[in-house]
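S.K.: This is run.json (JSON, C-alpha atoms and all ligand atoms).
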```
[["chain", "number", "residue", "atom", "x", "y", "z"],
["A", 1, "MET", "CA", 53.03, -30.43, -5.78],
["A", 2, "GLU", "CA", 49.61, -29.43, -7.02],
["A", 3, "LYS", "CA", 49.15, -26.28, -9.10],
["A", 4, "THR", "CA", 46.02, -24.16, -9.45],
["A", 5, "LEU", "CA", 44.96, -21.18, -11.54],
["A", 6, "VAL", "CA", 43.78, -17.90, -10.05],
["A", 7, "ILE", "CA", 42.52, -14.99, -12.14],
["A", 8, "LEU", "CA", 42.38, -11.60, -10.46],
["A", 9, "LYS", "CA", 39.35, -10.18, -12.24],
["A", 10, "PRO", "CA", 38.97, -6.69, -13.77],
["A", 11, "CYS", "CA", 37.03, -5.50, -10.70],
["A", 12, "THR", "CA", 40.06, -6.35, -8.56],
["A", 13, "LEU", "CA", 42.40, -4.30, -10.73],
["A", 14, "GLN", "CA", 39.92, -1.37, -10.77],
["A", 15, "ARG", "CA", 39.53, -1.45, -7.01],
["A", 16, "GLY", "CA", 43.25, -1.57, -6.26],
["A", 17, "LEU", "CA", 43.05, -4.96, -4.55],
["A", 18, "ILE", "CA", 45.65, -6.87, -6.58],
["A", 19, "GLY", "CA", 48.36, -6.66, -3.92],
["A", 20, "GLU", "CA", 45.92, -7.40, -1.12],
["A", 21, "VAL", "CA", 44.67, -10.61, -2.74],
["A", 22, "ILE", "CA", 48.10, -11.82, -3.84],
["A", 23, "SER", "CA", 49.34, -11.17, -0.33],
["A", 24, "ARG", "CA", 46.75, -13.56, 1.09],
["A", 25, "PHE", "CA", 48.01, -16.42, -1.05],
["A", 26, "GLU", "CA", 51.62, -15.60, -0.18],
["A", 27, "LYS", "CA", 50.90, -15.45, 3.54],
["A", 28, "LYS", "CA", 49.02, -18.75, 3.43],
["A", 29, "GLY", "CA", 52.21, -20.46, 2.25],
["A", 30, "LEU", "CA", 51.46, -21.01, -1.42],
["A", 31, "LYS", "CA", 54.32, -20.80, -3.88],
["A", 32, "LEU", "CA", 53.95, -18.48, -6.89],
["A", 33, "ALA", "CA", 54.76, -20.49, -10.01],
["A", 34, "GLY", "CA", 53.72, -17.91, -12.62],
["A", 35, "ILE", "CA", 52.04, -14.52, -12.99],
["A", 36, "LYS", "CA", 51.21, -12.17, -15.84],
["A", 37, "MET", "CA", 48.83, -9.46, -17.00],
["A", 38, "THR", "CA", 46.71, -10.32, -20.00],
["A", 39, "TRP", "CA", 43.63, -9.09, -21.83],
["A", 40, "LEU", "CA", 41.13, -11.92, -22.19],
["A", 41, "THR", "CA", 39.64, -12.54, -25.64],
["A", 42, "ASP", "CA", 36.13, -13.69, -26.49],
["A", 43, "LYS", "CA", 37.58, -17.00, -27.71],
["A", 44, "VAL", "CA", 39.31, -17.73, -24.40],
["A", 45, "LEU", "CA", 36.24, -16.63, -22.41],
["A", 46, "ASN", "CA", 33.96, -18.89, -24.47],
["A", 47, "GLU", "CA", 36.18, -21.84, -23.50],
["A", 48, "HIS", "CA", 36.72, -20.78, -19.91],
["A", 49, "TYR", "CA", 33.04, -20.17, -19.18],
["A", 50, "ALA", "CA", 31.60, -22.86, -21.51],
["A", 51, "HIS", "CA", 29.71, -24.34, -18.56],
["A", 52, "LEU", "CA", 27.74, -21.08, -18.29],
["A", 53, "SER", "CA", 26.99, -20.52, -21.99],
["A", 54, "ASP", "CA", 23.23, -21.07, -21.52],
["A", 55, "LYS", "CA", 22.94, -18.62, -18.60],
["A", 56, "PRO", "CA", 21.27, -15.23, -19.12],
["A", 57, "PHE", "CA", 24.31, -13.46, -17.65],
["A", 58, "PHE", "CA", 26.85, -15.16, -19.97],
["A", 59, "GLN", "CA", 27.44, -12.20, -22.33],
["A", 60, "ARG", "CA", 27.48, -9.71, -19.45],
["A", 61, "LEU", "CA", 30.03, -11.88, -17.62],
["A", 62, "LYS", "CA", 32.26, -12.05, -20.71],
["A", 63, "ASN", "CA", 32.00, -8.28, -21.16],
["A", 64, "ALA", "CA", 32.99, -7.72, -17.53],
["A", 65, "MET", "CA", 35.94, -10.10, -17.83],
["A", 66, "SER", "CA", 37.32, -8.32, -20.89],
["A", 67, "ILE", "CA", 36.64, -4.67, -20.08],
["A", 68, "ILE", "CA", 40.23, -4.20, -18.86],
["A", 69, "PRO", "CA", 43.11, -6.70, -18.40],
["A", 70, "VAL", "CA", 43.28, -9.33, -15.69],
["A", 71, "ILE", "CA", 46.15, -10.84, -13.73],
["A", 72, "VAL", "CA", 46.50, -14.60, -14.11],
["A", 73, "CYS", "CA", 48.61, -16.49, -11.60],
["A", 74, "CYS", "CA", 49.54, -20.04, -10.75],
["A", 75, "TRP", "CA", 49.88, -21.05, -7.09],
["A", 76, "GLU", "CA", 51.51, -24.26, -6.01],
["A", 77, "GLY", "CA", 51.25, -26.33, -2.84],
["A", 78, "ILE", "CA", 49.92, -29.54, -1.33],
["A", 79, "ASP", "CA", 46.16, -29.64, -2.08],
["A", 80, "ALA", "CA", 46.51, -26.20, -3.67],
["A", 81, "VAL", "CA", 43.22, -26.45, -5.61],
["A", 82, "ARG", "CA", 41.12, -27.20, -2.53],
["A", 83, "VAL", "CA", 42.97, -24.72, -0.33],
["A", 84, "VAL", "CA", 42.60, -21.84, -2.81],
["A", 85, "ARG", "CA", 38.90, -22.59, -3.41],
["A", 86, "ALA", "CA", 38.31, -22.50, 0.34],
["A", 87, "MET", "CA", 40.12, -19.16, 0.59],
["A", 88, "THR", "CA", 38.03, -17.85, -2.34],
["A", 89, "GLY", "CA", 34.61, -18.54, -0.79],
["A", 90, "ALA", "CA", 31.13, -18.86, -2.27],
["A", 91, "THR", "CA", 30.45, -17.49, -5.76],
["A", 92, "ASN", "CA", 28.15, -14.69, -4.60],
["A", 93, "GLY", "CA", 30.16, -12.28, -2.49],
["A", 94, "ARG", "CA", 27.07, -11.47, -0.43],
["A", 95, "ASN", "CA", 26.84, -15.14, 0.62],
["A", 96, "ALA", "CA", 30.58, -15.80, 0.98],
["A", 97, "ALA", "CA", 31.78, -16.27, 4.53],
["A", 98, "PRO", "CA", 33.69, -13.42, 6.16],
["A", 99, "GLY", "CA", 37.38, -14.29, 6.13],
["A", 100, "THR", "CA", 37.22, -15.57, 2.55],
["A", 101, "ILE", "CA", 38.40, -13.32, -0.28],
["A", 102, "ARG", "CA", 34.92, -12.90, -1.75],
["A", 103, "GLY", "CA", 33.41, -12.64, 1.71],
["A", 104, "ASP", "CA", 35.74, -9.79, 2.60],
["A", 105, "TYR", "CA", 35.91, -7.85, -0.68],
["A", 106, "SER", "CA", 32.81, -8.58, -2.81],
["A", 107, "MET", "CA", 29.13, -7.62, -2.73],
["A", 108, "SER", "CA", 28.30, -9.26, -6.07],
["A", 109, "SER", "CA", 27.64, -12.61, -7.74],
["A", 110, "GLN", "CA", 29.54, -11.45, -10.83],
["A", 111, "GLU", "CA", 32.14, -8.95, -9.62],
["A", 112, "ASN", "CA", 33.62, -11.43, -7.18],
["A", 113, "ILE", "CA", 37.33, -10.61, -7.25],
["A", 114, "VAL", "CA", 38.88, -13.94, -8.26],
["A", 115, "HIS", "CA", 38.46, -17.04, -10.35],
["A", 116, "ALA", "CA", 39.93, -20.21, -8.85],
["A", 117, "SER", "CA", 40.08, -23.66, -10.47],
["A", 118, "ASP", "CA", 37.55, -26.06, -8.96],
["A", 119, "SER", "CA", 39.32, -29.43, -9.42],
["A", 120, "PRO", "CA", 42.85, -30.69, -10.18],
["A", 121, "GLU", "CA", 41.62, -31.82, -13.61],
["A", 122, "ASN", "CA", 40.22, -28.38, -14.45],
["A", 123, "ALA", "CA", 43.31, -26.68, -12.98],
["A", 124, "ALA", "CA", 45.50, -28.55, -15.49],
["A", 125, "ILE", "CA", 43.20, -27.58, -18.38],
["A", 126, "GLU", "CA", 42.95, -23.95, -17.26],
["A", 127, "LEU", "CA", 46.70, -23.53, -16.65],
["A", 128, "ALA", "CA", 47.36, -24.81, -20.17],
["A", 129, "ARG", "CA", 44.75, -22.33, -21.44],
["A", 130, "PHE", "CA", 46.31, -19.27, -19.81],
["A", 131, "PHE", "CA", 50.06, -20.03, -19.65],
["A", 132, "LYS", "CA", 52.36, -20.89, -22.53],
["A", 133, "ASP", "CA", 55.41, -23.16, -22.24],
["A", 134, "GLY", "CA", 58.08, -21.37, -20.25],
["A", 135, "GLU", "CA", 55.66, -19.10, -18.36],
["A", 136, "LEU", "CA", 55.39, -21.39, -15.32],
["A", 137, "PHE", "CA", 58.55, -21.68, -13.26],
["A", 138, "ASP", "CA", 60.03, -24.55, -11.28],
["A", 139, "TYR", "CA", 62.51, -23.09, -8.77],
["A", 140, "THR", "CA", 63.88, -23.76, -5.31],
["A", 141, "TRP", "CA", 61.60, -22.00, -2.85],
["A", 142, "LEU", "CA", 63.37, -21.58, 0.48],
["A", 143, "GLN", "CA", 60.09, -21.28, 2.39],
["A", 144, "THR", "CA", 59.16, -24.91, 1.67],
["A", 145, "ALA", "CA", 61.12, -26.08, 4.71],
["A", 146, "CYS", "CA", 59.17, -23.73, 7.02],
["A", 147, "VAL", "CA", 55.74, -24.10, 5.41],
["A", 148, "TYR", "CA", 55.67, -27.93, 5.55],
["A", 149, "ALA", "CA", 56.93, -30.65, 7.87],
["A", 150, "ASN", "CA", 59.59, -32.96, 6.45],
["A", 151, "ASP", "CA", 57.20, -35.87, 5.95],
["A", 152, "GLU", "CA", 54.56, -33.79, 4.14],
["A", 153, "CYS", "CA", 56.52, -33.16, 0.98],
["A", 201, "LIG", "P1", 32.86, -19.89, -9.34],
["A", 201, "LIG", "O1", 33.61, -18.69, -9.89],
["A", 201, "LIG", "O2", 32.57, -19.75, -7.88],
["A", 201, "LIG", "O3", 33.54, -21.20, -9.68],
["A", 201, "LIG", "P2", 30.91, -20.42, -11.47],
["A", 201, "LIG", "O4", 29.55, -21.00, -11.27],
["A", 201, "LIG", "O5", 31.94, -21.27, -12.14],
["A", 201, "LIG", "O6", 31.41, -19.92, -10.03],
["A", 201, "LIG", "O7", 30.71, -19.07, -12.27],
["A", 201, "LIG", "C1", 31.80, -18.42, -12.89],
["A", 201, "LIG", "C2", 31.63, -16.93, -12.73],
["A", 201, "LIG", "O8", 30.41, -16.51, -13.37],
["A", 201, "LIG", "C3", 31.50, -16.45, -11.29],
["A", 201, "LIG", "O9", 32.71, -16.34, -10.62],
["A", 201, "LIG", "C4", 30.80, -15.11, -11.49],
["A", 201, "LIG", "O10", 31.71, -14.10, -11.90],
["A", 201, "LIG", "C5", 29.85, -15.43, -12.64],
["A", 201, "LIG", "N1", 28.53, -15.82, -12.14],
["A", 201, "LIG", "C6", 28.15, -17.01, -11.61],
["A", 201, "LIG", "N2", 26.86, -17.01, -11.25],
["A", 201, "LIG", "C7", 26.39, -15.78, -11.57],
["A", 201, "LIG", "C8", 25.10, -15.15, -11.46],
["A", 201, "LIG", "O11", 24.12, -15.74, -10.97],
["A", 201, "LIG", "N3", 25.01, -13.86, -11.90],
["A", 201, "LIG", "C9", 26.07, -13.19, -12.44],
["A", 201, "LIG", "N4", 27.28, -13.74, -12.57],
["A", 201, "LIG", "C10", 27.46, -15.02, -12.15],
["A", 202, "MG", "MG", 33.77, -22.07, -11.55]]
```
The structure in this file should be written as structure tokens.
M.R.:
Amino acid sequence: MEKTLVILKPCTLQRGLIGEVISRFEKKGLKLAGIKMTWLTDKVLNEHYAHLSDKPFFQRLKNAMSIIPVIVCCWEGIDAVRVVRAMTGATNGRNAAPGTIRGDYSMSSQENIVHASDSPENAAIELARFFKDGELFDYTWLQTACVYANDEC
């Protein structure tokens, strides 16, 4: 099954929304394959946000992402990347549709609660960036039989 990376950003930890956001992914029927708290370094943020390095907000974004620790997690499921992106919503919380995570909890284009991988290719790169060998777990998840029909997985 497909795996995707979610980062619960510093604003989410400060606002006491970690459980709330994780609960959404659990209730959707995604399987938790790994989770940890970590403090992001400038080196990791330069890689992770390389596509934004020419933006005026780049340094401010990196500062915000390293002001306190984050929670990184890996969610697994059929089409997990697309499903999690849809649950995440538009980048700017003020434009994100109600019912999405950003639409329900964010008023900002920067402080927008979660990062979610945007393609299976980037998910693989990002998971390797944030999780070491042995930090992602392959285990029998009893919910699989209720979450999916037999012929789906
Ligand atoms: P995404 O998180 O929806 O994939 P990206 O364009 O990849 O959006 O941007 C990464 C992160 O950079 C966003 O989640 C947000 O925190 C920040 N960001 C993006 N655009 C802006 C902006 O216009 N102002 C401030 N921060 C921004
Ligand atoms: Mg992005």
S.K.: Would you give me, as a Markdown table, each residue of chain A having an atom within 10 Å of an atom of ligand MG 202 (chain A), along with its shortest atom pair and that distance in Å to one decimal, using all atoms listed in the file and sorting by chain and residue number?
M.R.:
```
| residue | atom | partner | partner_atom | distance |
| --- | --- | --- | --- | --- |
| A:His48 | CA | A:MG202 | MG | 9.0 |
| A:Tyr49 | CA | A:MG202 | MG | 7.9 |
| A:His51 | CA | A:MG202 | MG | 8.4 |
| A:Leu52 | CA | A:MG202 | MG | 9.1 |
| A:Arg85 | CA | A:MG202 | MG | 9.6 |
| A:Thr91 | CA | A:MG202 | MG | 8.1 |
| A:His115 | CA | A:MG202 | MG | 7.0 |
| A:Ala116 | CA | A:MG202 | MG | 7.0 |
| A:Ser117 | CA | A:MG202 | MG | 6.6 |
| A:Asp118 | CA | A:MG202 | MG | 6.1 |
| A:Ser119 | CA | A:MG202 | MG | 9.5 |
| A:Asn122 | CA | A:MG202 | MG | 9.5 |
```
S.K.: What would the file look like if the residues just selected were written as a PDB file, in the coordinates of the input with C-alpha atoms?
M.R.:
```pdb
ATOM      1  CA  HIS A  48      36.720 -20.780 -19.910  1.00  0.00           C
ATOM      2  CA  TYR A  49      33.040 -20.170 -19.180  1.00  0.00           C
ATOM      3  CA  HIS A  51      29.710 -24.340 -18.560  1.00  0.00           C
ATOM      4  CA  LEU A  52      27.740 -21.080 -18.290  1.00  0.00           C
ATOM      5  CA  ARG A  85      38.900 -22.590  -3.410  1.00  0.00           C
ATOM      6  CA  THR A  91      30.450 -17.490  -5.760  1.00  0.00           C
ATOM      7  CA  HIS A 115      38.460 -17.040 -10.350  1.00  0.00           C
ATOM      8  CA  ALA A 116      39.930 -20.210  -8.850  1.00  0.00           C
ATOM      9  CA  SER A 117      40.080 -23.660 -10.470  1.00  0.00           C
ATOM     10  CA  ASP A 118      37.550 -26.060  -8.960  1.00  0.00           C
ATOM     11  CA  SER A 119      39.320 -29.430  -9.420  1.00  0.00           C
ATOM     12  CA  ASN A 122      40.220 -28.380 -14.450  1.00  0.00           C
TER      13      ASN A 122
END
```
S.K.: Ligand LIG 201 (chain A): which residues are within 10 Å, counting all atoms listed in the file? Reply as a ChimeraX atom specification.
M.R.: /A:7,9,48-52,55-62,64-65,85,88-93,96,102,108-118
S.K.: Since we have the selection now, will you write its residues out, keeping C-alpha atoms, as a PDB file, in the coordinates of the input?
M.R.:
```pdb
ATOM      1  CA  ILE A   7      42.520 -14.990 -12.140  1.00  0.00           C
ATOM      2  CA  LYS A   9      39.350 -10.180 -12.240  1.00  0.00           C
ATOM      3  CA  HIS A  48      36.720 -20.780 -19.910  1.00  0.00           C
ATOM      4  CA  TYR A  49      33.040 -20.170 -19.180  1.00  0.00           C
ATOM      5  CA  ALA A  50      31.600 -22.860 -21.510  1.00  0.00           C
ATOM      6  CA  HIS A  51      29.710 -24.340 -18.560  1.00  0.00           C
ATOM      7  CA  LEU A  52      27.740 -21.080 -18.290  1.00  0.00           C
ATOM      8  CA  LYS A  55      22.940 -18.620 -18.600  1.00  0.00           C
ATOM      9  CA  PRO A  56      21.270 -15.230 -19.120  1.00  0.00           C
ATOM     10  CA  PHE A  57      24.310 -13.460 -17.650  1.00  0.00           C
ATOM     11  CA  PHE A  58      26.850 -15.160 -19.970  1.00  0.00           C
ATOM     12  CA  GLN A  59      27.440 -12.200 -22.330  1.00  0.00           C
ATOM     13  CA  ARG A  60      27.480  -9.710 -19.450  1.00  0.00           C
ATOM     14  CA  LEU A  61      30.030 -11.880 -17.620  1.00  0.00           C
ATOM     15  CA  LYS A  62      32.260 -12.050 -20.710  1.00  0.00           C
ATOM     16  CA  ALA A  64      32.990  -7.720 -17.530  1.00  0.00           C
ATOM     17  CA  MET A  65      35.940 -10.100 -17.830  1.00  0.00           C
ATOM     18  CA  ARG A  85      38.900 -22.590  -3.410  1.00  0.00           C
ATOM     19  CA  THR A  88      38.030 -17.850  -2.340  1.00  0.00           C
ATOM     20  CA  GLY A  89      34.610 -18.540  -0.790  1.00  0.00           C
ATOM     21  CA  ALA A  90      31.130 -18.860  -2.270  1.00  0.00           C
ATOM     22  CA  THR A  91      30.450 -17.490  -5.760  1.00  0.00           C
ATOM     23  CA  ASN A  92      28.150 -14.690  -4.600  1.00  0.00           C
ATOM     24  CA  GLY A  93      30.160 -12.280  -2.490  1.00  0.00           C
ATOM     25  CA  ALA A  96      30.580 -15.800   0.980  1.00  0.00           C
ATOM     26  CA  ARG A 102      34.920 -12.900  -1.750  1.00  0.00           C
ATOM     27  CA  SER A 108      28.300  -9.260  -6.070  1.00  0.00           C
ATOM     28  CA  SER A 109      27.640 -12.610  -7.740  1.00  0.00           C
ATOM     29  CA  GLN A 110      29.540 -11.450 -10.830  1.00  0.00           C
ATOM     30  CA  GLU A 111      32.140  -8.950  -9.620  1.00  0.00           C
ATOM     31  CA  ASN A 112      33.620 -11.430  -7.180  1.00  0.00           C
ATOM     32  CA  ILE A 113      37.330 -10.610  -7.250  1.00  0.00           C
ATOM     33  CA  VAL A 114      38.880 -13.940  -8.260  1.00  0.00           C
ATOM     34  CA  HIS A 115      38.460 -17.040 -10.350  1.00  0.00           C
ATOM     35  CA  ALA A 116      39.930 -20.210  -8.850  1.00  0.00           C
ATOM     36  CA  SER A 117      40.080 -23.660 -10.470  1.00  0.00           C
ATOM     37  CA  ASP A 118      37.550 -26.060  -8.960  1.00  0.00           C
TER      38      ASP A 118
END
```
S.K.: Any idea what's packed within 8 Å of A:Met87, counting only C-alpha atoms, ignoring anything in its chain fewer than 6 positions away? Could you give it as a PyMOL selection string?
M.R.: chain A and resi 99-101
S.K.: If we count only C-alpha atoms, what is near A:Glu135 at a cut-off of 9 Å, once residues fewer than 2 positions away on the same chain are taken out, given as a PyMOL selection string?
M.R.: chain A and resi 33-36+131-133+137
S.K.: Nearest to A:Ile22 among A:Ala97, A:Cys153, A:Met37, A:Val6, with distances taken over only C-alpha atoms: which residue is it?
M.R.: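 Ranked by minimum distance to A:Ile22, first place goes to A:Val6.
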S.K.: Give me, please, the distance in Å between atom CA of A:Met1 and atom CA of A:Arg129, quoted to one decimal.
M.R.: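 Calculated distance between atom CA of A:Met1 and atom CA of A:Arg129 is 19.5 Å.
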S.K.: For A:Glu152, which residue among A:Asp104, A:Glu126, A:Asp79, A:Asp138 is the nearest when counting all atoms listed in the file?
M.R.: A:Asp79
S.K.: Rank nothing, just name the residue among A:Ala86, A:Ile125, A:Leu142, A:Leu45 nearest to A:Lys3, using only C-alpha atoms.
M.R.: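 Smallest separation from A:Lys3 among the options: A:Ile125.
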S.K.: My list of candidates is A:Thr12, A:Val72, A:Ser23, A:Tyr148. Which is closest to A:Leu40 when distances are computed with only C-alpha atoms?
M.R.: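 Nearest candidate to A:Leu40 out of A:Thr12, A:Val72, A:Ser23, A:Tyr148: A:Val72.
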S.K.: Identify which of the residues A:Arg82, A:Lys27, A:Arg15, A:Lys43 lies closest to A:Ser66, counting all atoms listed in the file when measuring atom-to-atom distances.
M.R.: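 Among the listed residues, A:Lys43 lies closest to A:Ser66.
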S.K.: What gap, in Å, lies between atom CA of A:Tyr105 and atom CA of A:Leu8?
M.R.: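 Separation of atom CA of A:Tyr105 and atom CA of A:Leu8: 12.3 Å.
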